[in-house]
Amino acid sequence: MSAPAQSGLYIVATPIGNLGDLSRRAEEILGIADIILVEDTRVTGKLLNHIGKKSKMMVYNDHKSTADRDSILDAMGCKIVALVSDAGTPLISDPGYKLVRDAQAAGLYVTTIPGPSAAIAALTLSGLPSDRFLFEGFLPSKAKARTEALGALKALNASLIFYENGSRLGAMLADAQAILGDRKAAVVREITKRFEEAVTGSLSELGDRYGSEKPKGEIVVVIGPPGPPEAASEQDIEAALREALKRLPASKAAGEVARAFSTDRKALYDLANRWKADGTA
């Protein structure tokens, strides 16, 4: 690094599979860190061995006591503390939120060393719209809670990103189809590894494939946004106009229905007047 690193908290993204994806800045910080906060010392230990570094590791999760967190915050005042997850960017379905919050509240230096994220990598591989998306993380494991969570997302006009494990993948895809409809989707796994794959298709097709198959490895499911609503039928529009005429004069009823169905107001107004003239309104 061009200048000595400042004491404080460094949020360090680590590879999600291919160790070559560790950035130069991340390697430098991990090499000089006084303390590295980790989920699993065995996992991070392998990464440190790969880059030939030895640093003090400490297991951290957001369930740590206030006293434990306070001692870490005290260390940040004079030491370089790095926060990593087992893979990818910390805080993305991984511990760290409370520590970052408290460090910022204490006026300590906090920065990020950006890098890999399975959610974003899967989105780029999915072939689905990426201009607007929601990362939902892991859905509940219980079927009822899972369907309720999916129901809350049904109207969102965005691609949806989920993490899932192989044992629940088939059930999750079946619930998603039932609640969201048969949308386009992708199951992405083993990202950046030798057997990386992105399987795309409709939710029903993916549900059939993974109904009994239980793939290994970390899995990301990306579900595309809902398609455009089906065009209203002439009968639907006329029914809406008749209902509106019970409350409103012809001009306002025609305007209300025209806005609701994106159709021609004058044609609706003429139709309403014809109904009134022949007594069928």
# chains A, B, ... in the order shown; residues from 1 in each chain; ligands from 1

$ residues_around --residues "Thr263 (chain A)" --least-positions-apart "6" --cutoff "10 Å" --atoms "only C-alpha atoms" --output "ChimeraX atom specification"
/A:232,237,254-255,257

$ select_by_dssp --residues "region 30-233 of chain A" --states "alpha helix (DSSP H)" --output "ChimeraX atom specification"
/A:30-32,41-51,66-76,97-105,118-126,143-153,166-180,203-210

$ residues_around --residues "Asp208 (chain A)" --least-positions-apart "4" --cutoff "12 Å" --atoms "only C-alpha atoms" --output "PyMOL selection string"
chain A and resi 169-174+177+201-204+212-214

$ write_last_selection --atoms "N, CA and C atoms" --output "short mmCIF file (atom, residue, chain, number, x, y, z; two decimals), in the first residue's frame"
data_model
loop_
_atom_site.label_atom_id
_atom_site.label_comp_id
_atom_site.auth_asym_id
_atom_site.auth_seq_id
_atom_site.Cartn_x
_atom_site.Cartn_y
_atom_site.Cartn_z
N LEU A 169 -33.87 -26.84 -2.33
CA LEU A 169 -34.01 -26.16 -3.62
C LEU A 169 -35.30 -26.54 -4.33
N GLY A 170 -35.61 -27.84 -4.43
CA GLY A 170 -36.81 -28.27 -5.13
C GLY A 170 -38.08 -27.70 -4.54
N ALA A 171 -38.19 -27.73 -3.22
CA ALA A 171 -39.37 -27.19 -2.55
C ALA A 171 -39.47 -25.69 -2.73
N MET A 172 -38.33 -25.01 -2.69
CA MET A 172 -38.33 -23.55 -2.87
C MET A 172 -38.80 -23.18 -4.27
N LEU A 173 -38.32 -23.90 -5.28
CA LEU A 173 -38.72 -23.60 -6.67
C LEU A 173 -40.20 -23.88 -6.89
N ALA A 174 -40.71 -24.95 -6.29
CA ALA A 174 -42.14 -25.27 -6.42
C ALA A 174 -43.00 -24.20 -5.76
N GLN A 177 -42.98 -21.01 -7.94
CA GLN A 177 -43.89 -21.09 -9.09
C GLN A 177 -45.34 -20.91 -8.65
N GLY A 201 -34.30 -21.40 -17.22
CA GLY A 201 -35.56 -21.96 -17.70
C GLY A 201 -36.70 -21.36 -16.91
N SER A 202 -37.89 -21.87 -17.12
CA SER A 202 -39.02 -21.42 -16.32
C SER A 202 -38.95 -22.06 -14.95
N LEU A 203 -39.68 -21.49 -14.00
CA LEU A 203 -39.69 -22.08 -12.66
C LEU A 203 -40.21 -23.52 -12.69
N SER A 204 -41.19 -23.79 -13.56
CA SER A 204 -41.70 -25.16 -13.64
C SER A 204 -40.63 -26.11 -14.17
N SER A 212 -36.06 -33.77 -7.43
CA SER A 212 -35.43 -34.89 -6.72
C SER A 212 -33.92 -34.72 -6.63
N GLU A 213 -33.34 -33.98 -7.56
CA GLU A 213 -31.90 -33.74 -7.53
C GLU A 213 -31.57 -32.74 -6.43
N LYS A 214 -30.54 -33.01 -5.68
CA LYS A 214 -30.11 -32.11 -4.60
C LYS A 214 -28.66 -31.70 -4.86
#

$ residues_around --residues "Gly224 (chain A)" --least-positions-apart "4" --cutoff "8 Å" --atoms "only C-alpha atoms" --output "PyMOL selection string"
chain A and resi 128-129+158-160+183-185

$ write_last_selection --atoms "C-alpha atoms" --output "CSV table (one decimal), in the first residue's frame"
chain,number,residue,atom,x,y,z
A,128,LEU,CA,-32.3,-12.0,-16.5
A,129,PRO,CA,-33.1,-8.2,-16.2
A,158,ALA,CA,-37.7,-6.6,-10.3
A,159,SER,CA,-35.5,-9.6,-10.5
A,160,LEU,CA,-35.4,-11.5,-7.2
A,183,ARG,CA,-41.5,-16.9,-14.4
A,184,LYS,CA,-38.1,-17.2,-16.1
A,185,ALA,CA,-35.4,-18.1,-13.6

$ closest_atom_pairs --of "region 3-98 of chain A" --to "region 189-192 of chain A" --cutoff "8 Å" --atoms "only C-alpha atoms" --output "JSON lines"
{"residue": "A:Ile16", "atom": "CA", "partner": "A:Ile191", "partner_atom": "CA", "distance": 7.1}
{"residue": "A:Gly17", "atom": "CA", "partner": "A:Thr192", "partner_atom": "CA", "distance": 5.5}
{"residue": "A:Asn18", "atom": "CA", "partner": "A:Thr192", "partner_atom": "CA", "distance": 5.4}

$ select_by_dssp --residues "region 201-240 of chain A" --states "strand (DSSP E or B)" --output "MDAnalysis selection string"
chainID A and resid 201:202 219:223

$ write_last_selection --atoms "N, CA and C atoms" --output "tab-separated table (two decimals), in the first residue's frame"
chain	number	residue	atom	x	y	z
A	201	GLY	N	-34.30	-21.40	-17.22
A	201	GLY	CA	-35.56	-21.96	-17.70
A	201	GLY	C	-36.70	-21.36	-16.91
A	202	SER	N	-37.89	-21.87	-17.12
A	202	SER	CA	-39.02	-21.42	-16.32
A	202	SER	C	-38.95	-22.06	-14.95
A	219	ILE	N	-25.68	-22.20	-3.64
A	219	ILE	CA	-26.64	-22.04	-4.72
A	219	ILE	C	-27.29	-20.66	-4.63
A	220	VAL	N	-27.40	-20.02	-5.79
A	220	VAL	CA	-28.13	-18.75	-5.89
A	220	VAL	C	-29.26	-18.96	-6.89
A	221	VAL	N	-30.46	-18.56	-6.51
A	221	VAL	CA	-31.61	-18.63	-7.40
A	221	VAL	C	-31.99	-17.20	-7.78
A	222	VAL	N	-32.07	-16.95	-9.08
A	222	VAL	CA	-32.50	-15.65	-9.58
A	222	VAL	C	-33.82	-15.85	-10.31
A	223	ILE	N	-34.83	-15.07	-9.93
A	223	ILE	CA	-36.15	-15.17	-10.55
A	223	ILE	C	-36.46	-13.85	-11.23

$ residues_around --residues "Val188 (chain A)" --least-positions-apart "3" --cutoff "12 Å" --atoms "only C-alpha atoms" --output "PyMOL selection string"
chain A and resi 118-127+161-166+169+185+191-193+195-201+206+215-223

$ closest_residue --among "A:Asp102, A:Asp34, A:Asp94, A:Glu148" --to "Ser55 (chain A)" --atoms "only C-alpha atoms"
A:Asp34

$ decode --residues "region 40-60 of chain A" --atoms "N, CA, C and O atoms" --output "mmCIF file, in the first residue's frame"
data_model
loop_
_atom_site.group_PDB
_atom_site.id
_atom_site.type_symbol
_atom_site.label_atom_id
_atom_site.label_comp_id
_atom_site.auth_asym_id
_atom_site.auth_seq_id
_atom_site.Cartn_x
_atom_site.Cartn_y
_atom_site.Cartn_z
ATOM 1 N N ASP A 40 -15.219 -18.644 10.460
ATOM 2 C CA ASP A 40 -14.655 -19.964 10.716
ATOM 3 C C ASP A 40 -13.139 -19.867 10.500
ATOM 4 O O ASP A 40 -12.690 -19.559 9.399
ATOM 5 N N THR A 41 -12.361 -20.122 11.555
ATOM 6 C CA THR A 41 -10.912 -19.993 11.440
ATOM 7 C C THR A 41 -10.334 -20.978 10.430
ATOM 8 O O THR A 41 -9.315 -20.689 9.791
ATOM 9 N N ARG A 42 -10.980 -22.130 10.238
ATOM 10 C CA ARG A 42 -10.461 -23.111 9.290
ATOM 11 C C ARG A 42 -10.568 -22.595 7.861
ATOM 12 O O ARG A 42 -9.642 -22.756 7.055
ATOM 13 N N VAL A 43 -11.703 -21.955 7.564
ATOM 14 C CA VAL A 43 -11.913 -21.446 6.204
ATOM 15 C C VAL A 43 -10.956 -20.294 5.904
ATOM 16 O O VAL A 43 -10.260 -20.283 4.880
ATOM 17 N N THR A 44 -10.913 -19.304 6.790
ATOM 18 C CA THR A 44 -10.038 -18.157 6.555
ATOM 19 C C THR A 44 -8.575 -18.559 6.670
ATOM 20 O O THR A 44 -7.715 -18.001 5.976
ATOM 21 N N GLY A 45 -8.288 -19.557 7.509
ATOM 22 C CA GLY A 45 -6.918 -20.038 7.619
ATOM 23 C C GLY A 45 -6.376 -20.551 6.302
ATOM 24 O O GLY A 45 -5.202 -20.338 5.963
ATOM 25 N N LYS A 46 -7.209 -21.230 5.527
ATOM 26 C CA LYS A 46 -6.797 -21.719 4.211
ATOM 27 C C LYS A 46 -6.455 -20.561 3.281
ATOM 28 O O LYS A 46 -5.494 -20.618 2.506
ATOM 29 N N LEU A 47 -7.262 -19.501 3.349
ATOM 30 C CA LEU A 47 -6.998 -18.331 2.510
ATOM 31 C C LEU A 47 -5.680 -17.676 2.909
ATOM 32 O O LEU A 47 -4.862 -17.313 2.050
ATOM 33 N N LEU A 48 -5.437 -17.534 4.217
ATOM 34 C CA LEU A 48 -4.198 -16.912 4.678
ATOM 35 C C LEU A 48 -2.988 -17.771 4.301
ATOM 36 O O LEU A 48 -1.939 -17.232 3.916
ATOM 37 N N ASN A 49 -3.129 -19.075 4.388
ATOM 38 C CA ASN A 49 -2.029 -19.955 3.969
ATOM 39 C C ASN A 49 -1.740 -19.788 2.484
ATOM 40 O O ASN A 49 -0.580 -19.807 2.053
ATOM 41 N N HIS A 50 -2.813 -19.597 1.689
ATOM 42 C CA HIS A 50 -2.657 -19.435 0.242
ATOM 43 C C HIS A 50 -1.824 -18.205 -0.091
ATOM 44 O O HIS A 50 -1.025 -18.232 -1.038
ATOM 45 N N ILE A 51 -2.021 -17.123 0.657
ATOM 46 C CA ILE A 51 -1.290 -15.881 0.357
ATOM 47 C C ILE A 51 -0.035 -15.744 1.220
ATOM 48 O O ILE A 51 0.666 -14.729 1.150
ATOM 49 N N GLY A 52 0.248 -16.763 2.035
ATOM 50 C CA GLY A 52 1.465 -16.758 2.839
ATOM 51 C C GLY A 52 1.468 -15.738 3.948
ATOM 52 O O GLY A 52 2.513 -15.153 4.273
ATOM 53 N N LYS A 53 0.322 -15.519 4.558
ATOM 54 C CA LYS A 53 0.197 -14.534 5.631
ATOM 55 C C LYS A 53 -0.221 -15.228 6.917
ATOM 56 O O LYS A 53 -0.909 -16.249 6.910
ATOM 57 N N LYS A 54 0.188 -14.647 8.031
ATOM 58 C CA LYS A 54 -0.250 -15.130 9.333
ATOM 59 C C LYS A 54 -0.736 -13.935 10.141
ATOM 60 O O LYS A 54 0.017 -12.996 10.387
ATOM 61 N N SER A 55 -1.979 -13.953 10.513
ATOM 62 C CA SER A 55 -2.553 -12.884 11.318
ATOM 63 C C SER A 55 -3.427 -13.504 12.401
ATOM 64 O O SER A 55 -3.928 -14.628 12.243
ATOM 65 N N LYS A 56 -3.609 -12.793 13.474
ATOM 66 C CA LYS A 56 -4.442 -13.283 14.569
ATOM 67 C C LYS A 56 -5.897 -13.314 14.132
ATOM 68 O O LYS A 56 -6.445 -12.309 13.668
ATOM 69 N N MET A 57 -6.525 -14.463 14.243
ATOM 70 C CA MET A 57 -7.936 -14.595 13.883
ATOM 71 C C MET A 57 -8.801 -14.676 15.136
ATOM 72 O O MET A 57 -8.398 -15.266 16.139
ATOM 73 N N MET A 58 -9.986 -14.103 15.043
ATOM 74 C CA MET A 58 -10.944 -14.135 16.140
ATOM 75 C C MET A 58 -12.319 -14.409 15.547
ATOM 76 O O MET A 58 -12.728 -13.730 14.594
ATOM 77 N N VAL A 59 -13.024 -15.401 16.074
ATOM 78 C CA VAL A 59 -14.362 -15.705 15.574
ATOM 79 C C VAL A 59 -15.321 -14.598 15.985
ATOM 80 O O VAL A 59 -15.347 -14.172 17.155
ATOM 81 N N TYR A 60 -16.085 -14.104 14.996
ATOM 82 C CA TYR A 60 -17.050 -13.044 15.283
ATOM 83 C C TYR A 60 -18.386 -13.348 14.619
ATOM 84 O O TYR A 60 -18.438 -13.812 13.478
#
